[in-house]
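Here is the structure we will look at, set down as structure tokens.
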Amino acid sequence: MMRVLKVAPAAKLPRLATICVAVASLGLAGCDDNGGDPKSQIGAHPVLPALQQYLLPPIRIAKAVGWGMDETPTVPQGLQVHALATGLQHPRALYVLPNGDVLVVESNGPKAPIYRPKDIITGWVKWFAGAAAKDANRITLLRDTNGDGIPELRTVFLDHLNSPFGVALVGNDLYVANTDAIVRYPYQEGQTSIAAPGTKLTDLPGGPIDHHWTKSLLASPDGSKLYVGVGSNSNITENGILAEYERAAVWEVDRATGAHRIYASGLRNPTGLQWEPETGKLWAIVNERDEIGPDLVPDYLTSVQDGAFYGWPYSYYGKHLDPRVQPQRPDLVASAIAPDYALSSHVAPLGVAMYTGGDLPASYQRGAFVGEHGSWDRTPLSGYKVVFVPFGGGKPSGPAQDVVTGFLDANNHARGRPVGLAVDRTGGLLIADDVGNTVWRVSSFRPGAKPASQ
Amino acid sequence: MQHVRMTETSLMRDVGSRSVASTGKIAVHQILVPFPVAYFTAALVTDLVYWQTVEVMWENFSVWLITVGLIMAGVAGIAAVVDLVSGKHRPAWPRVGGYALAVLLSLINVFVHSRDAYTAVVPTGLILSMLVVVILLAMAPAGWALTSSRRVGANA
């Protein structure tokens, strides 16, 4: 017992160094491991490096600075971009009503409880990145009657919601997916605000933890079902497996009764639910797990198959086991399928718009725009842009192309961060920017035509 | 890792820069050092329970216990320096070294415990918790005194 005490001071430092080396070799990574080329993780077969675990998890966030006067995102030749609305409060999602009115969901997550010392640090990081904005809990309506890209009318459409995200209209029923419930409101075409109280269709998994709070919503073409993206309640089950009950899944909710079933599971944070126009299949984007490396795990765009299991939390990209999850479930992992199309690690896709034609140039006529909110735990930064994934035959048919960039300035500060996307009545691409508090509209640039914004 | 090592060396320098030679009473830090010892020991217990149950509640207990243990260890360290400054004590180097090592390992341990889910404890966190407790228990016979009066120091 006294041996520890009898170590001479001179011998202590080498001993200490030995222990440090020993601890480091247990799998604690160093601080300067930069991520590889994000392009190697785009497409059906991403390169997946070995996983690593950290002593200090890498935190690399872009400080939120906002847009300067006359600053806009950058678009390639043939396109133009301008602000459809500014001065919004943390706009996260967009929905275009049949008459062309644009709904802007201004929302933020509920306050996260502090369960561990780490949660205090996470709170600071969020504040620094501009993600701690007050939750407006409302939906704003923008109406551009003459189609010049400048709304003549802006009203509060729905207020006093609870961290809303998804919106879906079926006939005269407007559904809003709050973080804890789907609520139905009566809607008449042309209405600019709804004062009627909502009727709850069904509860959704909400607080008190509510780690991934955004509930994406999509109605089936016949209007009988609603599909809901329900994110996990943790990064990787650190809040316990019971907190994940019916989460990390896409729900199918019966519109008549409110009853639900799990349509697909193992999807860590599925959002951007969309019907692929050619095949009519359900597609989604998914944010994958953190803290096992700058190049793990790639976020993805995938078709969502009925009854399929996509791995979370036990495995990723099919059957790659995650050692942080115990007890493991080999029975589930055996059935895990790999997603269709990797978007690269930590890019944080949070919006999808399937483009079916309209205003934009021919090269964008078939495919999916994806809004990448941007990484917070990777060096160098990744995402912070809107990309276009070309589709052919109902599947991605090529590499993702950058379409809207410039959300980061030269100092890697965030002027904005793209989130939800939508296509407006005339085929313009709308982008919600929750740091720039703006909705951007991307349209074709036609020489000779007057610029829409000035 | 670098700043961890700095903590160690600066603590040693602070303690070592004083040349104290006088007989004294019980040092104030001796009242405080049992707090981190208790917290770190409790963290080992909750780590063991987590290892057996895989119930995250125990993992959360562990990380809070280690965090508070580190805060108390810092307070005790400051008290030890104050004790030396008061001029009645001199550093007991072997125990200073043992204590500093236990605190350093606990600092690493709190980061390991801040990982998500199972590997926050098993195996690295659990091993570190065990090492810390073994080192601290070895210091128990001396009452976790980091300093000694001239008379007691003769036995250390």
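All residue names refer to the structure tokens as shown: chains lettered A, B, ... in order, residues numbered from 1 in each chain, ligands numbered from 1 in order.
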Problem set entry | All residues 8 Å or closer to A:Tyr355, only C-alpha atoms, same chain fewer than 3 positions away omitted, as a PyMOL selection string | chain A and resi 364-369+423
Go ahead and write the selection's residues with C-alpha atoms as a PDB file, in the first residue's frame.
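The file below, part-v5.pdb, is the result:
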```pdb
ATOM      1  CA  TYR A 364     -32.231  21.267 -61.766  1.00  0.00           C
ATOM      2  CA  GLN A 365     -35.410  19.772 -63.185  1.00  0.00           C
ATOM      3  CA  ARG A 366     -35.148  16.330 -61.601  1.00  0.00           C
ATOM      4  CA  GLY A 367     -33.670  15.947 -58.177  1.00  0.00           C
ATOM      5  CA  ALA A 368     -33.647  16.971 -54.562  1.00  0.00           C
ATOM      6  CA  PHE A 369     -32.414  20.166 -52.997  1.00  0.00           C
ATOM      7  CA  VAL A 423     -40.620  25.261 -53.820  1.00  0.00           C
TER       8      VAL A 423
END
```
Exercise. Got a sec: who's within 8 Å of stretch 131-143 of chain B, counting only C-alpha atoms, leaving out chain neighbours fewer than 2 positions off, as an MDAnalysis selection string?
Worked result: (chainID A and resid 1:2 4:5) or (chainID B and resid 30 37 40:41 44 95 98:99 102:103 105:106 127:129 145)
Can I get the selected residues back with C-alpha atoms, as a compact mmCIF listing (two decimals), in the first residue's frame?
```
# COMPACT_ATOMS: atom_id res chain seq x y z
CA MET A 1 0.00 0.00 0.00
CA MET A 2 2.80 2.38 0.84
CA VAL A 4 2.65 4.74 -4.01
CA LEU A 5 3.90 7.02 -1.29
CA GLN B 30 -6.81 17.99 6.05
CA VAL B 37 -11.81 11.15 -1.46
CA PHE B 40 -14.22 9.79 -6.01
CA THR B 41 -14.87 6.64 -3.99
CA LEU B 44 -16.28 4.11 -8.24
CA ARG B 95 1.50 12.40 -0.59
CA GLY B 98 -0.10 10.82 -4.91
CA TYR B 99 -2.86 13.36 -4.44
CA ALA B 102 -5.31 11.07 -8.25
CA VAL B 103 -6.69 14.51 -9.18
CA LEU B 105 -6.55 10.95 -13.30
CA SER B 106 -9.93 12.21 -12.11
CA ILE B 127 -10.33 1.66 -14.69
CA LEU B 128 -9.56 5.31 -13.96
CA SER B 129 -12.04 5.38 -11.07
CA ALA B 145 -2.35 15.15 4.95
```
Hey, could you make a per-residue contact list for chain B against chain A with 9 Å as the cut-off, showing the nearest pair of atoms and its distance in Å to one decimal, counting only C-alpha atoms, sorted by chain and number, as a tab-separated table?
```
residue	atom	partner	partner_atom	distance
B:Met1	CA	A:Cys20	CA	8.1
B:Arg5	CA	A:Leu16	CA	8.8
B:Val54	CA	A:Gln326	CA	6.9
B:Glu55	CA	A:Gly240	CA	7.0
B:Val56	CA	A:Gly240	CA	5.6
B:Met57	CA	A:Gly240	CA	8.1
B:Asn60	CA	A:Arg116	CA	6.2
B:Phe61	CA	A:Arg116	CA	8.6
B:Val63	CA	A:Arg116	CA	7.0
B:Trp64	CA	A:Arg116	CA	6.8
B:Thr67	CA	A:Pro117	CA	7.6
B:Trp93	CA	A:Pro9	CA	6.9
B:Pro94	CA	A:Leu5	CA	4.8
B:Arg95	CA	A:Leu5	CA	5.9
B:Gly97	CA	A:Pro9	CA	7.2
B:Gly98	CA	A:Leu5	CA	6.6
B:Leu101	CA	A:Leu16	CA	7.6
B:Leu105	CA	A:Cys20	CA	9.0
B:Ile108	CA	A:Leu55	CA	7.3
B:Asn109	CA	A:Leu55	CA	8.7
B:Phe111	CA	A:Leu55	CA	5.6
B:Val112	CA	A:Leu55	CA	5.7
B:Ser114	CA	A:Lys118	CA	6.2
B:Arg115	CA	A:Tyr54	CA	7.6
B:Asp116	CA	A:Glu238	CA	5.1
B:Ala117	CA	A:Glu238	CA	4.3
B:Tyr118	CA	A:Arg324	CA	4.7
B:Thr119	CA	A:Arg324	CA	5.2
B:Ala120	CA	A:Arg324	CA	7.9
B:Thr124	CA	A:Leu26	CA	7.2
B:Leu128	CA	A:Val23	CA	8.9
B:Val134	CA	A:Met1	CA	8.6
B:Ile135	CA	A:Val4	CA	6.9
B:Leu137	CA	A:Met1	CA	8.1
B:Ala138	CA	A:Met1	CA	5.2
B:Met139	CA	A:Leu5	CA	7.3
B:Ala156	CA	A:Leu5	CA	8.7
```
Exercise. Just how far from atom CA of A:Ala196 is atom CA of A:Gly258, in Å to one decimal?
Worked result: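 Taking atom CA of A:Gly258 and atom CA of A:Ala196, their separation equals 20.1 Å.
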Problem set entry | Selection: 9 Å around A:Ser265, only C-alpha atoms, excl. self and same-chain fewer than 5 positions, as a list in words | Glu246, Arg247, Ala248, Ala249, Val250, Trp251, Gly307, Ala308, Phe309, Tyr310, Gly311 and Trp312 of chain A
For this session: Rounded to one decimal place, report the atom CA of A:Val387-atom CA of A:Ser444 distance in Å.
Result: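 Value for the atom CA of A:Val387-atom CA of A:Ser444 distance: 16.1 Å.
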